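Chemist: protein19.txt is reproduced in full below (compact mmCIF, C-alpha atoms).
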```
# COMPACT_ATOMS: atom_id res chain seq x y z
CA MET A 20 -169.44 44.10 -26.69
CA SER A 21 -165.80 43.81 -27.58
CA ASP A 22 -164.16 40.40 -27.84
CA GLU A 23 -161.01 42.05 -26.53
CA PRO A 24 -160.00 40.41 -23.25
CA ASP A 25 -159.66 42.56 -20.17
CA ARG A 26 -155.90 42.88 -20.23
CA SER A 27 -155.67 45.01 -17.13
CA ALA A 28 -157.67 42.47 -15.14
CA ALA A 29 -155.47 39.63 -16.37
CA ILE A 30 -152.24 41.45 -15.41
CA THR A 31 -153.70 42.37 -12.04
CA ALA A 32 -154.64 38.74 -11.46
CA ALA A 33 -151.06 37.70 -12.23
CA LEU A 34 -149.81 40.18 -9.65
CA LYS A 35 -152.23 38.83 -7.07
CA ARG A 36 -151.15 35.26 -7.77
CA SER A 37 -147.60 36.46 -7.08
CA GLY A 38 -148.57 37.81 -3.67
CA VAL A 39 -148.13 41.42 -4.76
CA ASP A 40 -150.61 43.92 -3.31
CA LEU A 41 -148.58 47.12 -3.61
CA VAL A 42 -147.87 48.79 -6.95
CA VAL A 43 -145.64 51.84 -7.12
CA THR A 44 -145.90 53.82 -10.31
CA LEU A 45 -144.95 56.69 -12.52
CA PRO A 46 -147.32 56.66 -15.47
CA ASP A 47 -146.82 56.02 -19.16
CA SER A 48 -149.61 56.14 -21.73
CA TRP A 49 -149.26 52.40 -22.39
CA ILE A 50 -149.94 51.53 -18.74
CA SER A 51 -152.70 54.05 -18.17
CA ASN A 52 -155.54 51.51 -18.52
CA LEU A 53 -153.79 49.19 -16.10
CA LEU A 54 -153.29 52.00 -13.60
CA ASN A 55 -156.98 52.90 -13.74
CA HIS A 56 -157.84 49.26 -13.12
CA LEU A 57 -155.43 48.95 -10.19
CA ASP A 58 -156.68 52.19 -8.70
CA ASN A 59 -160.19 50.78 -8.58
CA ASP A 60 -159.20 47.43 -7.09
CA PRO A 61 -159.70 47.51 -3.31
CA GLU A 62 -157.25 44.63 -2.85
CA MET A 63 -154.40 46.59 -4.41
CA THR A 64 -152.59 49.67 -3.14
CA LEU A 65 -151.37 52.04 -5.84
CA LEU A 66 -148.75 54.61 -4.84
CA ARG A 67 -147.64 57.32 -7.20
CA VAL A 68 -144.09 58.70 -7.23
CA ALA A 69 -142.60 61.66 -9.07
CA ARG A 70 -139.40 59.86 -10.08
CA GLU A 71 -138.93 56.18 -10.83
CA GLU A 72 -135.81 55.93 -8.67
CA ASP A 73 -138.02 56.85 -5.71
CA GLY A 74 -140.22 53.94 -6.68
CA ILE A 75 -137.27 51.57 -6.64
CA GLY A 76 -136.41 52.75 -3.14
CA LEU A 77 -140.01 52.51 -2.02
CA CYS A 78 -140.26 48.91 -3.24
CA ALA A 79 -136.97 48.08 -1.51
CA GLY A 80 -138.26 49.54 1.75
CA ALA A 81 -141.49 47.58 1.41
CA PHE A 82 -139.43 44.41 1.07
CA LEU A 83 -137.58 45.24 4.29
CA GLY A 84 -140.98 45.60 5.91
CA GLY A 85 -142.19 42.27 4.54
CA ARG A 86 -144.53 43.41 1.76
CA LYS A 87 -144.37 42.35 -1.88
CA SER A 88 -144.52 45.17 -4.39
CA VAL A 89 -143.68 46.02 -7.98
CA LEU A 90 -142.65 49.17 -9.79
CA LEU A 91 -144.88 49.83 -12.80
CA ALA A 92 -143.40 52.37 -15.20
CA GLN A 93 -141.89 52.69 -18.65
CA ASN A 94 -138.42 51.41 -19.50
CA GLY A 95 -137.04 54.96 -19.39
CA GLY A 96 -137.73 54.88 -15.66
CA MET A 97 -135.41 51.92 -15.26
CA LEU A 98 -132.72 53.83 -17.15
CA GLN A 99 -133.21 56.73 -14.76
CA SER A 100 -132.75 54.41 -11.75
CA VAL A 101 -129.49 52.67 -12.62
CA ASN A 102 -127.49 53.72 -9.56
CA ALA A 103 -130.20 52.52 -7.21
CA LEU A 104 -130.57 49.24 -9.09
CA ALA A 105 -126.83 48.61 -9.01
CA ALA A 106 -126.81 49.22 -5.25
CA LEU A 107 -129.74 46.87 -4.71
CA SER A 108 -128.14 44.17 -6.87
CA TYR A 109 -124.63 44.18 -5.52
CA PHE A 110 -124.81 45.81 -2.12
CA HIS A 111 -128.14 45.48 -0.29
CA GLN A 112 -129.24 42.42 -2.30
CA ILE A 113 -132.89 43.36 -2.21
CA PRO A 114 -135.43 41.95 -4.65
CA VAL A 115 -137.32 44.53 -6.68
CA VAL A 116 -139.58 43.64 -9.60
CA MET A 117 -140.04 46.19 -12.35
CA LEU A 118 -142.92 45.95 -14.81
CA LEU A 119 -141.80 48.15 -17.68
CA ALA A 120 -143.66 49.26 -20.76
CA GLN A 121 -141.08 48.48 -23.45
CA ARG A 122 -141.27 51.79 -25.27
CA GLY A 123 -139.36 52.19 -28.52
CA ASP A 124 -139.68 48.59 -29.68
CA HIS A 125 -141.02 47.48 -33.09
CA ASP A 126 -144.57 48.21 -31.98
CA ASP A 127 -143.89 51.84 -31.01
CA GLY A 128 -144.30 54.56 -33.61
CA TYR A 129 -142.30 57.45 -32.20
CA PHE A 130 -138.73 58.45 -32.92
CA TYR A 131 -138.22 59.84 -29.43
CA GLN A 132 -138.97 56.48 -27.82
CA VAL A 133 -136.49 54.44 -29.88
CA TYR A 134 -133.44 55.12 -27.71
CA LYS A 135 -135.16 53.56 -24.71
CA ASP A 136 -135.56 50.18 -26.41
CA ARG A 137 -131.99 50.31 -27.64
CA ALA A 138 -130.60 51.05 -24.18
CA THR A 139 -132.88 48.92 -22.00
CA VAL A 140 -131.56 45.41 -22.50
CA PRO A 141 -127.86 46.37 -22.61
CA VAL A 142 -128.26 48.30 -19.37
CA LEU A 143 -130.13 45.43 -17.70
CA GLN A 144 -127.38 43.08 -18.82
CA ALA A 145 -124.71 45.41 -17.46
CA LEU A 146 -126.52 45.33 -14.12
CA GLN A 147 -126.76 41.50 -14.33
CA CYS A 148 -130.48 42.07 -13.91
CA GLN A 149 -132.57 39.21 -15.25
CA TYR A 150 -135.40 40.20 -17.57
CA HIS A 151 -138.37 38.58 -19.26
CA ARG A 152 -140.49 39.67 -22.16
CA VAL A 153 -144.26 39.54 -21.92
CA GLU A 154 -145.60 39.88 -25.44
CA ASP A 155 -149.19 38.81 -24.86
CA LEU A 156 -151.55 37.37 -22.28
CA ASP A 157 -150.15 33.85 -22.71
CA ASP A 158 -146.91 35.12 -21.21
CA LEU A 159 -148.36 36.48 -17.97
CA HIS A 160 -146.98 33.51 -16.03
CA ARG A 161 -143.64 35.29 -16.45
CA ILE A 162 -144.78 37.96 -14.02
CA GLU A 163 -145.19 35.29 -11.36
CA GLY A 164 -141.85 33.82 -12.37
CA ALA A 165 -140.17 37.22 -12.12
CA VAL A 166 -141.49 37.80 -8.60
CA ARG A 167 -140.27 34.36 -7.56
CA GLN A 168 -136.92 34.87 -9.25
CA ALA A 169 -136.35 38.25 -7.60
CA THR A 170 -136.99 36.68 -4.20
CA LEU A 171 -134.67 33.77 -4.89
CA THR A 172 -131.87 35.87 -6.33
CA ARG A 173 -132.27 38.79 -3.90
CA GLY A 174 -131.99 41.22 -6.75
CA PRO A 175 -133.93 43.27 -9.28
CA VAL A 176 -135.79 41.54 -12.11
CA ALA A 177 -137.42 43.32 -15.04
CA VAL A 178 -140.54 42.34 -16.97
CA LEU A 179 -140.71 44.05 -20.35
CA LEU A 180 -144.32 44.59 -21.37
CA SER A 181 -145.18 44.91 -25.05
CA ARG A 182 -147.70 47.32 -26.43
CA ARG A 183 -149.89 44.34 -27.35
CA VAL A 184 -150.14 42.89 -23.86
CA LEU A 185 -151.02 46.30 -22.44
CA LEU A 186 -153.26 47.72 -25.15
CA GLY A 187 -154.14 44.83 -27.48
CA SER A 188 -154.78 45.86 -31.04
CA ALA A 189 -155.92 49.35 -30.04
CA MET B 3 -126.80 72.71 17.59
CA LYS B 4 -124.65 69.64 17.79
CA ARG B 5 -125.66 66.52 15.87
CA GLU B 6 -125.33 64.34 18.94
CA PHE B 7 -127.74 66.48 20.96
CA CYS B 8 -130.35 66.14 18.21
CA ALA B 9 -129.85 62.39 17.87
CA ARG B 10 -130.25 61.88 21.60
CA LEU B 11 -133.36 64.04 21.60
CA VAL B 12 -134.86 61.85 18.87
CA GLN B 13 -133.96 58.71 20.79
CA LYS B 14 -135.63 60.07 23.92
CA HIS B 15 -138.98 60.66 22.24
CA ILE B 16 -139.50 57.86 19.73
CA ASP B 17 -141.38 54.64 20.50
CA GLN B 18 -139.54 51.82 22.20
CA ASN B 19 -140.34 49.56 19.24
CA ALA B 20 -139.69 52.14 16.54
CA ILE B 21 -137.72 51.11 13.48
CA VAL B 22 -135.04 53.59 12.51
CA VAL B 23 -133.51 54.30 9.13
CA GLY B 24 -130.08 55.91 9.25
CA ALA B 25 -129.09 57.66 6.06
CA MET B 26 -125.57 57.77 4.73
CA GLY B 27 -123.27 60.47 6.00
CA SER B 28 -123.02 62.08 9.37
CA ALA B 29 -126.72 61.81 10.33
CA GLY B 30 -126.71 58.02 10.28
CA ARG B 31 -123.20 57.90 11.70
CA THR B 32 -124.23 60.01 14.70
CA TRP B 33 -127.09 57.60 15.36
CA ARG B 34 -124.72 54.66 15.21
CA GLU B 35 -122.34 56.39 17.61
CA ILE B 36 -124.97 56.88 20.32
CA ALA B 37 -125.80 53.18 19.92
CA PRO B 38 -129.55 53.18 20.52
CA PRO B 39 -131.31 49.84 21.00
CA HIS B 40 -133.77 50.27 18.11
CA PRO B 41 -133.47 48.10 15.02
CA THR B 42 -131.83 50.36 12.48
CA TYR B 43 -131.28 50.00 8.76
CA TYR B 44 -128.43 52.10 7.42
CA VAL B 45 -128.96 53.07 3.79
CA LEU B 46 -125.45 53.63 2.60
CA ASP B 47 -125.18 53.81 -0.38
CA PRO B 48 -126.81 55.10 -2.59
CA MET B 49 -127.51 58.79 -2.11
CA GLY B 50 -131.16 59.71 -2.13
CA MET B 51 -132.60 56.32 -1.25
CA ALA B 52 -133.12 56.73 2.50
CA LEU B 53 -136.38 58.66 2.21
CA PRO B 54 -138.06 56.43 -0.39
CA MET B 55 -136.96 53.29 1.47
CA SER B 56 -138.41 54.74 4.67
CA ILE B 57 -141.73 55.34 2.92
CA GLY B 58 -141.78 51.72 1.78
CA LEU B 59 -140.99 50.49 5.28
CA ALA B 60 -143.71 52.70 6.74
CA VAL B 61 -146.30 51.45 4.26
CA ALA B 62 -145.33 47.83 4.92
CA GLN B 63 -145.18 48.24 8.71
CA PRO B 64 -148.07 50.60 9.46
CA LYS B 65 -148.27 49.61 13.14
CA ARG B 66 -144.68 50.60 13.92
CA GLN B 67 -143.14 54.02 14.02
CA ILE B 68 -140.56 54.50 11.26
CA VAL B 69 -138.03 57.21 12.07
CA LEU B 70 -135.64 58.44 9.38
CA LEU B 71 -132.48 60.30 10.33
CA ASN B 72 -131.31 61.97 7.19
CA GLY B 73 -128.68 64.51 6.24
CA ASP B 74 -129.55 67.48 4.08
CA GLY B 75 -127.31 66.30 1.24
CA ASP B 76 -128.87 62.87 0.99
CA PHE B 77 -132.35 64.29 1.53
CA CYS B 78 -132.00 66.79 -1.30
CA THR B 79 -130.72 64.10 -3.67
CA GLY B 80 -134.03 62.28 -3.21
CA ILE B 81 -136.18 65.32 -2.61
CA SER B 82 -138.77 64.27 -5.18
CA ALA B 83 -139.73 61.56 -2.68
CA LEU B 84 -141.35 64.28 -0.58
CA LEU B 85 -144.22 64.10 -3.04
CA ALA B 86 -144.45 60.37 -2.45
CA VAL B 87 -144.67 60.98 1.30
CA VAL B 88 -147.56 63.36 0.76
CA GLU B 89 -149.18 60.94 -1.69
CA ALA B 90 -148.85 57.88 0.56
CA GLN B 91 -149.53 59.72 3.85
CA PRO B 92 -147.90 57.14 6.10
CA LYS B 93 -148.90 58.41 9.55
CA ASN B 94 -146.14 56.40 11.17
CA LEU B 95 -143.29 58.08 9.26
CA LYS B 96 -141.23 60.66 11.12
CA ILE B 97 -138.42 62.36 9.19
CA ALA B 98 -135.52 64.24 10.79
CA VAL B 99 -133.15 66.18 8.56
CA PHE B 100 -129.78 67.26 9.91
CA ASN B 101 -129.17 70.49 8.06
CA SER B 102 -125.61 71.79 8.10
CA GLY B 103 -125.57 73.00 4.51
CA ARG B 104 -122.54 70.79 3.87
CA TYR B 105 -121.84 67.40 2.43
CA GLU B 106 -119.93 66.71 5.63
CA SER B 107 -118.59 63.27 4.80
CA GLY B 108 -118.02 64.36 1.22
CA GLY B 109 -115.27 66.80 2.04
CA ALA B 110 -117.53 69.40 3.73
CA GLN B 111 -118.36 71.02 0.41
CA ARG B 112 -121.51 73.13 0.63
CA LEU B 113 -124.88 72.18 -0.79
CA PRO B 114 -126.26 74.20 -3.69
CA ALA B 115 -128.26 77.13 -2.34
CA ALA B 116 -127.06 76.11 1.12
CA ASN B 117 -127.50 79.51 2.72
CA LYS B 118 -130.83 80.28 1.11
CA VAL B 119 -132.94 77.17 1.00
CA SER B 120 -135.42 76.19 3.71
CA ILE B 121 -136.02 72.45 3.67
CA ALA B 122 -138.99 72.85 6.01
CA ALA B 123 -140.58 75.40 3.68
CA MET B 124 -140.05 73.07 0.72
CA ALA B 125 -141.72 70.26 2.66
CA ARG B 126 -144.66 72.46 3.58
CA GLY B 127 -144.87 73.53 -0.05
CA ALA B 128 -145.00 69.87 -1.04
CA GLY B 129 -148.07 69.52 1.15
CA LEU B 130 -146.63 67.95 4.29
CA GLY B 131 -148.80 68.73 7.30
CA PHE B 132 -145.95 69.12 9.78
CA ALA B 133 -142.58 70.56 8.80
CA GLU B 134 -140.68 72.60 11.37
CA GLU B 135 -137.14 73.92 11.50
CA VAL B 136 -135.28 74.38 14.77
CA SER B 137 -131.93 76.00 15.39
CA ASP B 138 -131.41 75.93 19.16
CA ASP B 139 -131.56 73.26 21.85
CA GLN B 140 -134.50 74.75 23.72
CA ARG B 141 -136.69 75.04 20.65
CA ALA B 142 -135.68 71.56 19.51
CA SER B 143 -136.74 70.15 22.88
CA GLU B 144 -140.17 71.71 22.41
CA VAL B 145 -140.69 70.75 18.78
CA VAL B 146 -139.50 67.14 18.80
CA PRO B 147 -142.39 65.84 20.99
CA ALA B 148 -144.88 67.63 18.70
CA TRP B 149 -143.15 66.16 15.64
CA ILE B 150 -143.54 62.66 17.05
CA ALA B 151 -147.11 63.23 18.23
CA PHE B 152 -148.36 64.70 14.95
CA ASP B 153 -151.14 62.60 13.42
CA GLY B 154 -149.51 62.14 10.04
CA PRO B 155 -146.12 62.04 8.36
CA ALA B 156 -143.98 64.78 9.87
CA LEU B 157 -140.60 66.38 9.29
CA VAL B 158 -138.24 68.26 11.58
CA VAL B 159 -135.15 70.07 10.36
CA PHE B 160 -132.28 70.44 12.82
CA ARG B 161 -130.02 73.35 11.88
CA VAL B 162 -126.77 71.84 13.09
CA GLU B 163 -123.20 73.11 13.17
CA VAL B 164 -120.68 71.87 10.67
CA GLU B 165 -118.67 69.24 12.51
CA ALA B 166 -115.87 66.94 11.49
CA SER B 167 -117.17 63.73 9.96
CA PRO B 168 -114.25 61.40 9.42
CA TYR B 169 -114.73 58.08 7.66
CA LEU B 170 -114.97 55.26 10.16
CA PRO B 171 -113.12 51.97 9.67
CA GLU B 172 -114.98 49.46 7.52
CA ARG B 173 -117.34 47.33 9.59
CA PRO B 174 -117.00 43.53 9.67
CA TRP B 175 -120.44 42.94 8.13
CA ALA B 176 -121.27 43.30 4.47
CA LYS B 177 -124.45 45.25 3.77
CA VAL B 178 -126.37 42.12 2.84
CA GLU B 179 -125.40 40.56 6.17
CA ASP B 180 -126.54 43.69 7.99
CA ARG B 181 -129.79 43.54 6.03
CA ALA B 182 -130.42 39.92 6.98
CA MET B 183 -129.76 40.66 10.66
CA PHE B 184 -132.06 43.69 10.52
CA MET B 185 -134.86 41.71 8.88
CA ARG B 186 -134.52 38.82 11.33
CA ARG B 187 -134.79 41.30 14.14
CA ILE B 188 -138.02 42.86 12.93
CA HIS B 189 -139.64 39.74 11.43
CA GLY B 190 -138.29 36.96 13.62
CA GLU B 191 -136.65 33.70 12.64
CA SER B 192 -139.54 32.58 10.40
CA GLY B 193 -139.40 35.74 8.30
CA PRO B 194 -142.18 38.04 7.09
CA SER B 195 -145.66 36.51 7.29
```
Just dump the structure as structure tokens.

Modeler:
Amino acid sequence: MSDEPDRSAAITAALKRSGVDLVVTLPDSWISNLLNHLDNDPEMTLLRVAREEDGIGLCAGAFLGGRKSVLLAQNGGMLQSVNALAALSYFHQIPVVMLLAQRGDHDDGYFYQVYKDRATVPVLQALQCQYHRVEDLDDLHRIEGAVRQATLTRGPVAVLLSRRVLLGSA
Amino acid sequence: MKREFCARLVQKHIDQNAIVVGAMGSAGRTWREIAPPHPTYYVLDPMGMALPMSIGLAVAQPKRQIVLLNGDGDFCTGISALLAVVEAQPKNLKIAVFNSGRYESGGAQRLPAANKVSIAAMARGAGLGFAEEVSDDQRASEVVPAWIAFDGPALVVFRVEVEASPYLPERPWAKVEDRAMFMRRIHGESGPS
């Protein structure tokens, strides 16, 4: 038996405590375990999209319909969705929570991911989109905070997930 | 076909309590002009968001019919969302695409591949169970009831004439005010449960 905690279960529990039962996703290798967990949880609905911007729109529509959702993707997906996020922030004023694998950070070993880390926070700041880092399981309360904050501010909020919180020491 | 004929045909056949999404451009504008009683959310801007937002609405409101009136330009901007429709299979989602081959409110410039592409064929290729294209009033009158009655997400393409689509004067309500009024209408004063 591994002493490694069940990270996917802990993140899923944080989503449930936030009232989220709909997760819209475009995969990344760092979130693959979490996606498998969510897919097997009968209390959660997992919807796959082919483009992250579609996921932003889907979450916005779910909000109009009264359902809490999150987009689960990598940070590159947020970069791909900037026009939609700007419209939701400034125009529609619709809360959307993005859980983003923070690819390209100090814990990522690939050149081709680096640009995503460099661009993510400056772009979020340009959008006046609040963001929170979740480095490990002790930080999962920030997911609940982000969902609350998005509702209160009527705008997008990003949660940047480290490699450690998603995959542990693996 | 004229846009207005198609919009009135849609209005005639959808549920009384349907929720409508009007996309940006002339499709949504035509719906606004015929002033139907249904609660309607107009997704303008951004381009390409009307279809994904309609999917989200349909998933969140599975007991109500969600009817999207989209233009071909906006639809093609977000065409990857067709795969999300097929993935989510919201039975209550009915999609109408007004296909003139032009970005009518964008200066009437033509769409890429405007004279060659079949949106209905692309939708069928994406795996949608119902995707029909109609180009005359008689055929449209036959297909629209079947589109609504289909037991699953369904798409109809109206091949419409290019018509003038002038910008209307700015409305008195900001989008966020429109959104709040729309949500109060569908959720009531106490908000979503």

Chemist: Excluding same-chain residues fewer than 5 positions from Leu11 (chain B), what lies within 9 Å of it counting only C-alpha atoms, as a short mmCIF file (atom, residue, chain, number, x, y, z; two decimals) with C-alpha atoms, in the coordinates of the input?

Modeler:
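Saved to around-v2.cif:
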```cif
data_model
loop_
_atom_site.label_atom_id
_atom_site.label_comp_id
_atom_site.auth_asym_id
_atom_site.auth_seq_id
_atom_site.Cartn_x
_atom_site.Cartn_y
_atom_site.Cartn_z
CA GLU B 6 -125.33 64.34 18.94
CA ILE B 16 -139.50 57.86 19.73
CA ALA B 142 -135.68 71.56 19.51
CA SER B 143 -136.74 70.15 22.88
CA VAL B 146 -139.50 67.14 18.80
#
```

Chemist: Set the distance at 8 Å and use all atoms listed in the file: which residues neighbour Ser107 (chain B) once local chain neighbours fewer than 3 positions away are removed? I'd like the list as a PyMOL selection string.

Modeler: chain B and resi 27-28+110+167-169

Chemist: Near Cys148 (chain A), within 10 Å and counting only C-alpha atoms, which residues show up once chain neighbours fewer than 6 positions away are dropped, as an MDAnalysis selection string?

Modeler: chainID A and resid 104:105 108 140 142 169 172 174:177

Chemist: Would you put the residues from that selection into a file with C-alpha atoms, as a PDB file, in the coordinates of the input?

Modeler:
```pdb
ATOM      1  CA  LEU A 104    -130.570  49.240  -9.090  1.00  0.00           C
ATOM      2  CA  ALA A 105    -126.830  48.610  -9.010  1.00  0.00           C
ATOM      3  CA  SER A 108    -128.140  44.170  -6.870  1.00  0.00           C
ATOM      4  CA  VAL A 140    -131.560  45.410 -22.500  1.00  0.00           C
ATOM      5  CA  VAL A 142    -128.260  48.300 -19.370  1.00  0.00           C
ATOM      6  CA  ALA A 169    -136.350  38.250  -7.600  1.00  0.00           C
ATOM      7  CA  THR A 172    -131.870  35.870  -6.330  1.00  0.00           C
ATOM      8  CA  GLY A 174    -131.990  41.220  -6.750  1.00  0.00           C
ATOM      9  CA  PRO A 175    -133.930  43.270  -9.280  1.00  0.00           C
ATOM     10  CA  VAL A 176    -135.790  41.540 -12.110  1.00  0.00           C
ATOM     11  CA  ALA A 177    -137.420  43.320 -15.040  1.00  0.00           C
TER      12      ALA A 177
END
```

Chemist: What are the residues of chain A lining chain B at 10 Å or less? Count all atoms listed in the file, and put the answer as a compact mmCIF listing (two decimals) with C-alpha atoms, keeping the file's coordinate frame.

Modeler:
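The new file iface-v9.txt reads:
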```txt
# COMPACT_ATOMS: atom_id res chain seq x y z
CA LEU A 41 -148.58 47.12 -3.61
CA VAL A 43 -145.64 51.84 -7.12
CA THR A 64 -152.59 49.67 -3.14
CA LEU A 65 -151.37 52.04 -5.84
CA LEU A 66 -148.75 54.61 -4.84
CA ARG A 67 -147.64 57.32 -7.20
CA VAL A 68 -144.09 58.70 -7.23
CA ALA A 69 -142.60 61.66 -9.07
CA ARG A 70 -139.40 59.86 -10.08
CA GLU A 71 -138.93 56.18 -10.83
CA GLU A 72 -135.81 55.93 -8.67
CA ASP A 73 -138.02 56.85 -5.71
CA GLY A 74 -140.22 53.94 -6.68
CA ILE A 75 -137.27 51.57 -6.64
CA GLY A 76 -136.41 52.75 -3.14
CA LEU A 77 -140.01 52.51 -2.02
CA CYS A 78 -140.26 48.91 -3.24
CA ALA A 79 -136.97 48.08 -1.51
CA GLY A 80 -138.26 49.54 1.75
CA ALA A 81 -141.49 47.58 1.41
CA PHE A 82 -139.43 44.41 1.07
CA LEU A 83 -137.58 45.24 4.29
CA GLY A 84 -140.98 45.60 5.91
CA GLY A 85 -142.19 42.27 4.54
CA ARG A 86 -144.53 43.41 1.76
CA LYS A 87 -144.37 42.35 -1.88
CA SER A 88 -144.52 45.17 -4.39
CA ASN A 102 -127.49 53.72 -9.56
CA ALA A 103 -130.20 52.52 -7.21
CA LEU A 104 -130.57 49.24 -9.09
CA ALA A 105 -126.83 48.61 -9.01
CA ALA A 106 -126.81 49.22 -5.25
CA LEU A 107 -129.74 46.87 -4.71
CA TYR A 109 -124.63 44.18 -5.52
CA PHE A 110 -124.81 45.81 -2.12
CA HIS A 111 -128.14 45.48 -0.29
CA GLN A 112 -129.24 42.42 -2.30
CA ILE A 113 -132.89 43.36 -2.21
CA ARG A 173 -132.27 38.79 -3.90
```

Chemist: Counting only C-alpha atoms, note down every residue that has an atom within 12 Å of the point (-140.1, 77.5, 15.4) (file coordinates), as a count of residues only.

Modeler: 23

Chemist: So how far away is CA of Leu54 (chain A) from CA of Arg26 (chain A), in Å?

Modeler: 11.6 Å
